[in-house]
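See below for the structure under consideration.
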Amino acid sequence: MALKIGIECHNLEKEKFGVGQTLLQLLKSISEDEKAREKFRFVVYFNKKIPQDPILDDPIFEKKLLKCKLLPPSFSFFYHVLLPIAYKKDGLDGIFLPAYMMPILPVKKSIVVLTNDVYYESHFGNLPLKYKMAYRIFSWLAAKWSSKVLTISEFSKKELAKLYKINIDKIESIPWGLNENMRQLEKSPENLQKIKEIKNRLGVKGRFILSVGQAFPRRKIKEAMLAFEKIADRFPDIQYIVANIDKYNPPIIDGLAKQINERIGRQTILRAQYLSQDDILHLFNHAELLIYISSQEAMGLPPIEALKCGSVPLVADNELTHEIFGDNAFFVKDVDNPEAIAESINEALNNNEKRNQIVANSRNVVQKFSWPVIASKFLKLFEETFQSKT
């Protein structure tokens with residue numbers, strides 16, 4: 001008999017960042033695995049609406065909108081009450097919870113995603129207090145109550161065992177895969193016209209470097225902007241696209257970009273609040289450098305995706321980045337020091353021998369993050385964790 005597994009999917013209901021983007025890729029890869037159809041059935045749960053993603057129409061997924069007729073939609077009520085009720089009512093063999101938390105009402109068998117960077121944000125980051133407290137409580141419950149903790153790097157696995165004081169054998173490490181649409185593009189007239197349109201829209205005059213993602217303070221966007229200011233005169237033909245959603249409290253990035261541009265006397269820093277996946281694909285194919293120098297990360301997809309597209313990444317010099325890249329990146333040791341970051345940017349833009357070597361070796365890095373391979377690991381974990389009724 002097929003295992004019946006629930007998947008909490010509220011992150012698919014809105015603009016897809018982080019968890020939402022990777023969860024959608026996971027569902028797509030599961031649907032393409034023929035063995036999965038023989039062994040599994042999945043019930044995917046939503047809070048406010050069922051999105052129109054075509055992959056959800058696959059018969060392997062049963063879509064359910066959980067709501068109470070007497071109450072307006074509420075994430076807390078959905079997650080902590082309606083989800084555990086559905087677990088019992090739908091006769092699930094287990095549930096996969098990718099949003100770093102355990103419901104307060106118990107579920108019998110669960111796999112919960114946890115990462116060390118979520119622990120960092122909930123204890124030391126800039127999140128609003130209500131979110132910090134929610135993650136502190138319910139991530140702790142996830143570590144203690146779940147059948148299995150799933151994280152996305154060996155580095156994060158070791159960190160979680162220490163931070164939550166749980167047995168490391170309870171933690172499974174499976175990385176997120178790379179978006180299959182992220183790839184090196186042909187230099188066709190159509191693609192060249194597309195990048196020209198994107199650059200015109202963003203105000204890019206020639207060459208550019210790039211940052212993307214959510215700008216939590218730990219990702220050192222402020223420091224990177226100040227660093228590029230220090231060396232902008234060495235690269236008058238290069239602009240820095242800061243395509244990050246400002247997560248500083250209070251927001252600082254727009255104001256800092258304006259100040260830097262005024263000091264330099266030209267549009268050196270270009271701001272973009274949100275870029276589509278198609279925009280990012282084309283920018284990754286043409287960027288001179290992708291800057292992603294986070295001090296706390298469980299994995300960090302953008303620099304790996306940029307490398308897959310042929311751009312060179314600049315990352316923090318730590319155990320995690322060497323686990324992922326080996327030596328196939330440029331590194332910053334002191335991510336809090338704009339001077340150190342500036343010198344690393346300078347090297348990354350000038351050291352053509354290493355740049356060529358990084359791009360030539362990129363396949364050795366990115367092949368570890370193939371979704372078909374990763375989906376098979378997920379399915380094996382689901383089977384091993386949920387197949388017993390006891």
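The way I read the labels, and the way they are meant: chains A, B, ... in the order of the structure tokens, residue 1 as the first residue of every chain, and ligand 1 as the first ligand shown, with later ones counted on from there.
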Sort by chain and increasing residue number a table of all residues of stretch 252-356 of chain A within 8 Å of stretch 115-133 of chain A, each with its closest pair of atoms and their distance in Å to one decimal, counting only C-alpha atoms, and write it as JSON lines.
```
{"residue": "A:Gln296", "atom": "CA", "partner": "A:Asp117", "partner_atom": "CA", "distance": 5.5}
{"residue": "A:Glu297", "atom": "CA", "partner": "A:Asp117", "partner_atom": "CA", "distance": 5.1}
{"residue": "A:Ala298", "atom": "CA", "partner": "A:Thr115", "partner_atom": "CA", "distance": 5.6}
```
Open item on the list: Neighbouring residues of stretch 369-377 of chain A were defined as those with any atom within 10 Å, considering only C-alpha atoms; residues of the same chain fewer than 6 positions away were excluded. Please report them as a list of chain:residue names.
Closed with: A:Thr22, A:Gln25, A:Leu26, A:Leu27, A:Lys28, A:Ser29, A:Ile30, A:Ser31, A:Glu32, A:Asp33, A:Lys35, A:Ala36, A:Ser173, A:Ile174, A:Pro175, A:Trp176, A:Gly177, A:Leu178, A:Asn179, A:Glu180, A:Leu301, A:Ile304, A:Glu305, A:Ile324, A:Glu383
Limited to N, CA and C atoms, could you put the picked residues into a file as a PDB file, in the first residue's frame?
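Result written to selection_12.pdb:
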```
ATOM      1  N   THR A  22      12.220  26.329  -3.577  1.00  0.00           N
ATOM      2  CA  THR A  22      12.788  24.985  -3.502  1.00  0.00           C
ATOM      3  C   THR A  22      11.709  23.927  -3.306  1.00  0.00           C
ATOM      4  N   GLN A  25      10.234  23.096  -6.664  1.00  0.00           N
ATOM      5  CA  GLN A  25      11.159  22.244  -7.417  1.00  0.00           C
ATOM      6  C   GLN A  25      11.126  20.807  -6.894  1.00  0.00           C
ATOM      7  N   LEU A  26      11.020  20.649  -5.577  1.00  0.00           N
ATOM      8  CA  LEU A  26      10.938  19.310  -5.006  1.00  0.00           C
ATOM      9  C   LEU A  26       9.687  18.594  -5.476  1.00  0.00           C
ATOM     10  N   LEU A  27       8.536  19.265  -5.451  1.00  0.00           N
ATOM     11  CA  LEU A  27       7.288  18.644  -5.897  1.00  0.00           C
ATOM     12  C   LEU A  27       7.377  18.244  -7.372  1.00  0.00           C
ATOM     13  N   LYS A  28       7.964  19.101  -8.184  1.00  0.00           N
ATOM     14  CA  LYS A  28       8.116  18.791  -9.608  1.00  0.00           C
ATOM     15  C   LYS A  28       8.980  17.549  -9.796  1.00  0.00           C
ATOM     16  N   SER A  29      10.081  17.466  -9.057  1.00  0.00           N
ATOM     17  CA  SER A  29      10.981  16.316  -9.196  1.00  0.00           C
ATOM     18  C   SER A  29      10.334  15.037  -8.690  1.00  0.00           C
ATOM     19  N   ILE A  30       9.554  15.136  -7.622  1.00  0.00           N
ATOM     20  CA  ILE A  30       8.819  13.965  -7.127  1.00  0.00           C
ATOM     21  C   ILE A  30       7.851  13.472  -8.180  1.00  0.00           C
ATOM     22  N   SER A  31       7.147  14.395  -8.826  1.00  0.00           N
ATOM     23  CA  SER A  31       6.148  13.995  -9.826  1.00  0.00           C
ATOM     24  C   SER A  31       6.792  13.325 -11.037  1.00  0.00           C
ATOM     25  N   GLU A  32       8.074  13.590 -11.267  1.00  0.00           N
ATOM     26  CA  GLU A  32       8.775  13.017 -12.421  1.00  0.00           C
ATOM     27  C   GLU A  32       9.464  11.701 -12.086  1.00  0.00           C
ATOM     28  N   ASP A  33       9.375  11.275 -10.834  1.00  0.00           N
ATOM     29  CA  ASP A  33       9.984  10.024 -10.405  1.00  0.00           C
ATOM     30  C   ASP A  33       8.941   8.904 -10.510  1.00  0.00           C
ATOM     31  N   LYS A  35       9.012   5.745  -9.771  1.00  0.00           N
ATOM     32  CA  LYS A  35       8.894   4.881  -8.596  1.00  0.00           C
ATOM     33  C   LYS A  35       8.043   5.528  -7.510  1.00  0.00           C
ATOM     34  N   ALA A  36       8.039   6.853  -7.466  1.00  0.00           N
ATOM     35  CA  ALA A  36       7.250   7.556  -6.458  1.00  0.00           C
ATOM     36  C   ALA A  36       5.769   7.265  -6.617  1.00  0.00           C
ATOM     37  N   SER A 173      21.081  15.220   6.448  1.00  0.00           N
ATOM     38  CA  SER A 173      21.534  16.312   5.593  1.00  0.00           C
ATOM     39  C   SER A 173      21.260  15.981   4.124  1.00  0.00           C
ATOM     40  N   ILE A 174      20.357  16.747   3.516  1.00  0.00           N
ATOM     41  CA  ILE A 174      20.094  16.646   2.078  1.00  0.00           C
ATOM     42  C   ILE A 174      20.033  18.069   1.539  1.00  0.00           C
ATOM     43  N   PRO A 175      20.899  18.455   0.631  1.00  0.00           N
ATOM     44  CA  PRO A 175      20.882  19.847   0.152  1.00  0.00           C
ATOM     45  C   PRO A 175      19.658  20.118  -0.703  1.00  0.00           C
ATOM     46  N   TRP A 176      19.269  21.383  -0.774  1.00  0.00           N
ATOM     47  CA  TRP A 176      18.295  21.779  -1.775  1.00  0.00           C
ATOM     48  C   TRP A 176      18.946  21.671  -3.150  1.00  0.00           C
ATOM     49  N   GLY A 177      18.144  21.398  -4.147  1.00  0.00           N
ATOM     50  CA  GLY A 177      18.665  21.358  -5.507  1.00  0.00           C
ATOM     51  C   GLY A 177      18.626  22.727  -6.160  1.00  0.00           C
ATOM     52  N   LEU A 178      19.253  22.826  -7.297  1.00  0.00           N
ATOM     53  CA  LEU A 178      19.288  24.077  -8.047  1.00  0.00           C
ATOM     54  C   LEU A 178      18.093  24.168  -8.977  1.00  0.00           C
ATOM     55  N   ASN A 179      17.569  25.361  -9.106  1.00  0.00           N
ATOM     56  CA  ASN A 179      16.491  25.609 -10.052  1.00  0.00           C
ATOM     57  C   ASN A 179      16.935  25.169 -11.446  1.00  0.00           C
ATOM     58  N   GLU A 180      16.177  24.253 -12.024  1.00  0.00           N
ATOM     59  CA  GLU A 180      16.594  23.696 -13.323  1.00  0.00           C
ATOM     60  C   GLU A 180      16.618  24.743 -14.430  1.00  0.00           C
ATOM     61  N   LEU A 301      21.590  29.330  -1.937  1.00  0.00           N
ATOM     62  CA  LEU A 301      21.503  28.896  -3.330  1.00  0.00           C
ATOM     63  C   LEU A 301      22.049  29.896  -4.351  1.00  0.00           C
ATOM     64  N   ILE A 304      25.564  29.374  -5.942  1.00  0.00           N
ATOM     65  CA  ILE A 304      25.687  28.112  -6.691  1.00  0.00           C
ATOM     66  C   ILE A 304      24.955  28.237  -8.018  1.00  0.00           C
ATOM     67  N   GLU A 305      23.771  28.863  -8.000  1.00  0.00           N
ATOM     68  CA  GLU A 305      23.019  29.057  -9.236  1.00  0.00           C
ATOM     69  C   GLU A 305      23.770  29.994 -10.184  1.00  0.00           C
ATOM     70  N   ILE A 324      30.777  23.424   0.049  1.00  0.00           N
ATOM     71  CA  ILE A 324      30.029  23.547  -1.203  1.00  0.00           C
ATOM     72  C   ILE A 324      30.951  23.736  -2.402  1.00  0.00           C
ATOM     73  N   GLU A 383      10.334   7.194   3.048  1.00  0.00           N
ATOM     74  CA  GLU A 383      10.016   5.776   3.201  1.00  0.00           C
ATOM     75  C   GLU A 383      10.599   5.230   4.501  1.00  0.00           C
TER      76      GLU A 383
END
```
Please extract the residues of stretch 213-308 of chain A with a backbone DSSP assignment of strand (DSSP E or B) and present them as a PDB file with C-alpha atoms, in the first residue's frame.
```pdb
ATOM      1  CA  GLY A 213      18.013  37.617  -2.212  1.00  0.00           C
ATOM      2  CA  GLN A 214      16.676  38.940   1.068  1.00  0.00           C
ATOM      3  CA  ALA A 215      19.040  41.423   2.699  1.00  0.00           C
ATOM      4  CA  ILE A 238      31.161  48.558 -13.646  1.00  0.00           C
ATOM      5  CA  GLN A 239      27.969  49.134 -11.627  1.00  0.00           C
ATOM      6  CA  TYR A 240      26.705  47.162  -8.634  1.00  0.00           C
ATOM      7  CA  ILE A 241      23.094  45.941  -8.880  1.00  0.00           C
ATOM      8  CA  VAL A 242      21.759  45.458  -5.354  1.00  0.00           C
ATOM      9  CA  ALA A 243      18.600  43.440  -6.041  1.00  0.00           C
ATOM     10  CA  ASN A 244      17.761  42.653  -2.436  1.00  0.00           C
ATOM     11  CA  ILE A 245      14.633  43.046  -0.346  1.00  0.00           C
ATOM     12  CA  ASP A 246      15.701  45.238   2.577  1.00  0.00           C
ATOM     13  CA  ILE A 269      24.862  51.399  -6.981  1.00  0.00           C
ATOM     14  CA  LEU A 270      21.637  50.383  -8.720  1.00  0.00           C
ATOM     15  CA  ARG A 271      18.672  49.260  -6.627  1.00  0.00           C
ATOM     16  CA  LEU A 290      27.847  37.499  -7.684  1.00  0.00           C
ATOM     17  CA  ILE A 291      28.404  38.787  -4.127  1.00  0.00           C
ATOM     18  CA  TYR A 292      26.907  36.627  -1.357  1.00  0.00           C
TER      19      TYR A 292
END
```
Open item on the list: When DSSP is applied to the backbone of this structure, which of stretch 106-302 of chain A are assigned helix (DSSP H, G or I)? Write them out as number ranges by chain.
Closed with: A: 116-124, 129-145, 154-163, 168-170, 189-202, 217-219, 221-234, 253-264, 277-286, 302
TODO: For A:Ser76, please output as a PyMOL selection string all residues within 12 Å (counting only C-alpha atoms; exclusion window: fewer than 2 positions along the same chain).
DONE: chain A and resi 10+47-48+66-67+71-74+78-84+101-105+130-131+134+138
Task: Non-local contacts of A:Asp317 (10 Å; only C-alpha atoms; under 4 positions in same chain excluded) as a PyMOL selection string - done: chain A and resi 293-295+321-322+329-335
Next, the residues of the selection above should be written as an mmCIF file, in the first residue's frame with N, CA and C atoms.
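In the end it all went to out29.cif:
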```
data_model
loop_
_atom_site.group_PDB
_atom_site.id
_atom_site.type_symbol
_atom_site.label_atom_id
_atom_site.label_comp_id
_atom_site.auth_asym_id
_atom_site.auth_seq_id
_atom_site.Cartn_x
_atom_site.Cartn_y
_atom_site.Cartn_z
ATOM 1 N N ILE A 293 28.012 37.194 0.725
ATOM 2 C CA ILE A 293 29.021 37.000 1.772
ATOM 3 C C ILE A 293 28.361 36.887 3.151
ATOM 4 N N SER A 294 27.419 35.987 3.261
ATOM 5 C CA SER A 294 26.675 35.810 4.502
ATOM 6 C C SER A 294 27.560 35.229 5.609
ATOM 7 N N SER A 295 27.389 35.768 6.808
ATOM 8 C CA SER A 295 28.136 35.249 7.960
ATOM 9 C C SER A 295 27.468 34.039 8.579
ATOM 10 N N THR A 321 31.131 27.242 3.028
ATOM 11 C CA THR A 321 31.405 27.568 1.632
ATOM 12 C C THR A 321 32.465 26.654 1.033
ATOM 13 N N HIS A 322 33.411 26.189 1.844
ATOM 14 C CA HIS A 322 34.390 25.239 1.317
ATOM 15 C C HIS A 322 33.774 23.847 1.154
ATOM 16 N N ALA A 329 35.689 29.357 -5.885
ATOM 17 C CA ALA A 329 35.031 30.636 -5.633
ATOM 18 C C ALA A 329 36.102 31.601 -5.159
ATOM 19 N N PHE A 330 35.736 32.870 -5.097
ATOM 20 C CA PHE A 330 36.554 33.849 -4.384
ATOM 21 C C PHE A 330 35.989 33.994 -2.979
ATOM 22 N N PHE A 331 36.852 34.256 -2.020
ATOM 23 C CA PHE A 331 36.449 34.222 -0.615
ATOM 24 C C PHE A 331 36.822 35.513 0.106
ATOM 25 N N VAL A 332 35.992 35.865 1.110
ATOM 26 C CA VAL A 332 36.262 36.982 2.011
ATOM 27 C C VAL A 332 36.373 36.429 3.419
ATOM 28 N N LYS A 333 37.489 36.705 4.085
ATOM 29 C CA LYS A 333 37.704 36.210 5.441
ATOM 30 C C LYS A 333 36.917 37.030 6.462
ATOM 31 N N ASP A 334 37.050 38.346 6.393
ATOM 32 C CA ASP A 334 36.420 39.238 7.366
ATOM 33 C C ASP A 334 35.241 39.949 6.712
ATOM 34 N N VAL A 335 34.056 39.369 6.826
ATOM 35 C CA VAL A 335 32.889 39.896 6.119
ATOM 36 C C VAL A 335 32.324 41.154 6.767
#
```
- [ ] In Å, rounded to a single decimal, give me how far atom CA of A:Gln184 is from atom CA of A:Ser362.
- [x]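 Here the two named atoms are 11.4 Å from each other.
Excluding A:Pro51 and any residue on its chain fewer than 6 positions from it, the residues at most 10 Å away by only C-alpha atoms are A:Cys9, A:His10, A:Leu12, A:Glu13, A:Lys14, A:Lys63.
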Produce a file of the selected residues containing C-alpha atoms, as a PDB file, in the first residue's frame.
```
ATOM      1  CA  CYS A   9       2.730  24.197   1.365  1.00  0.00           C
ATOM      2  CA  HIS A  10       1.712  27.703   2.450  1.00  0.00           C
ATOM      3  CA  LEU A  12       3.645  28.314  -2.484  1.00  0.00           C
ATOM      4  CA  GLU A  13       0.744  30.754  -2.058  1.00  0.00           C
ATOM      5  CA  LYS A  14       2.759  33.966  -2.542  1.00  0.00           C
ATOM      6  CA  LYS A  63      -4.746  19.525  -2.826  1.00  0.00           C
TER       7      LYS A  63
END
```
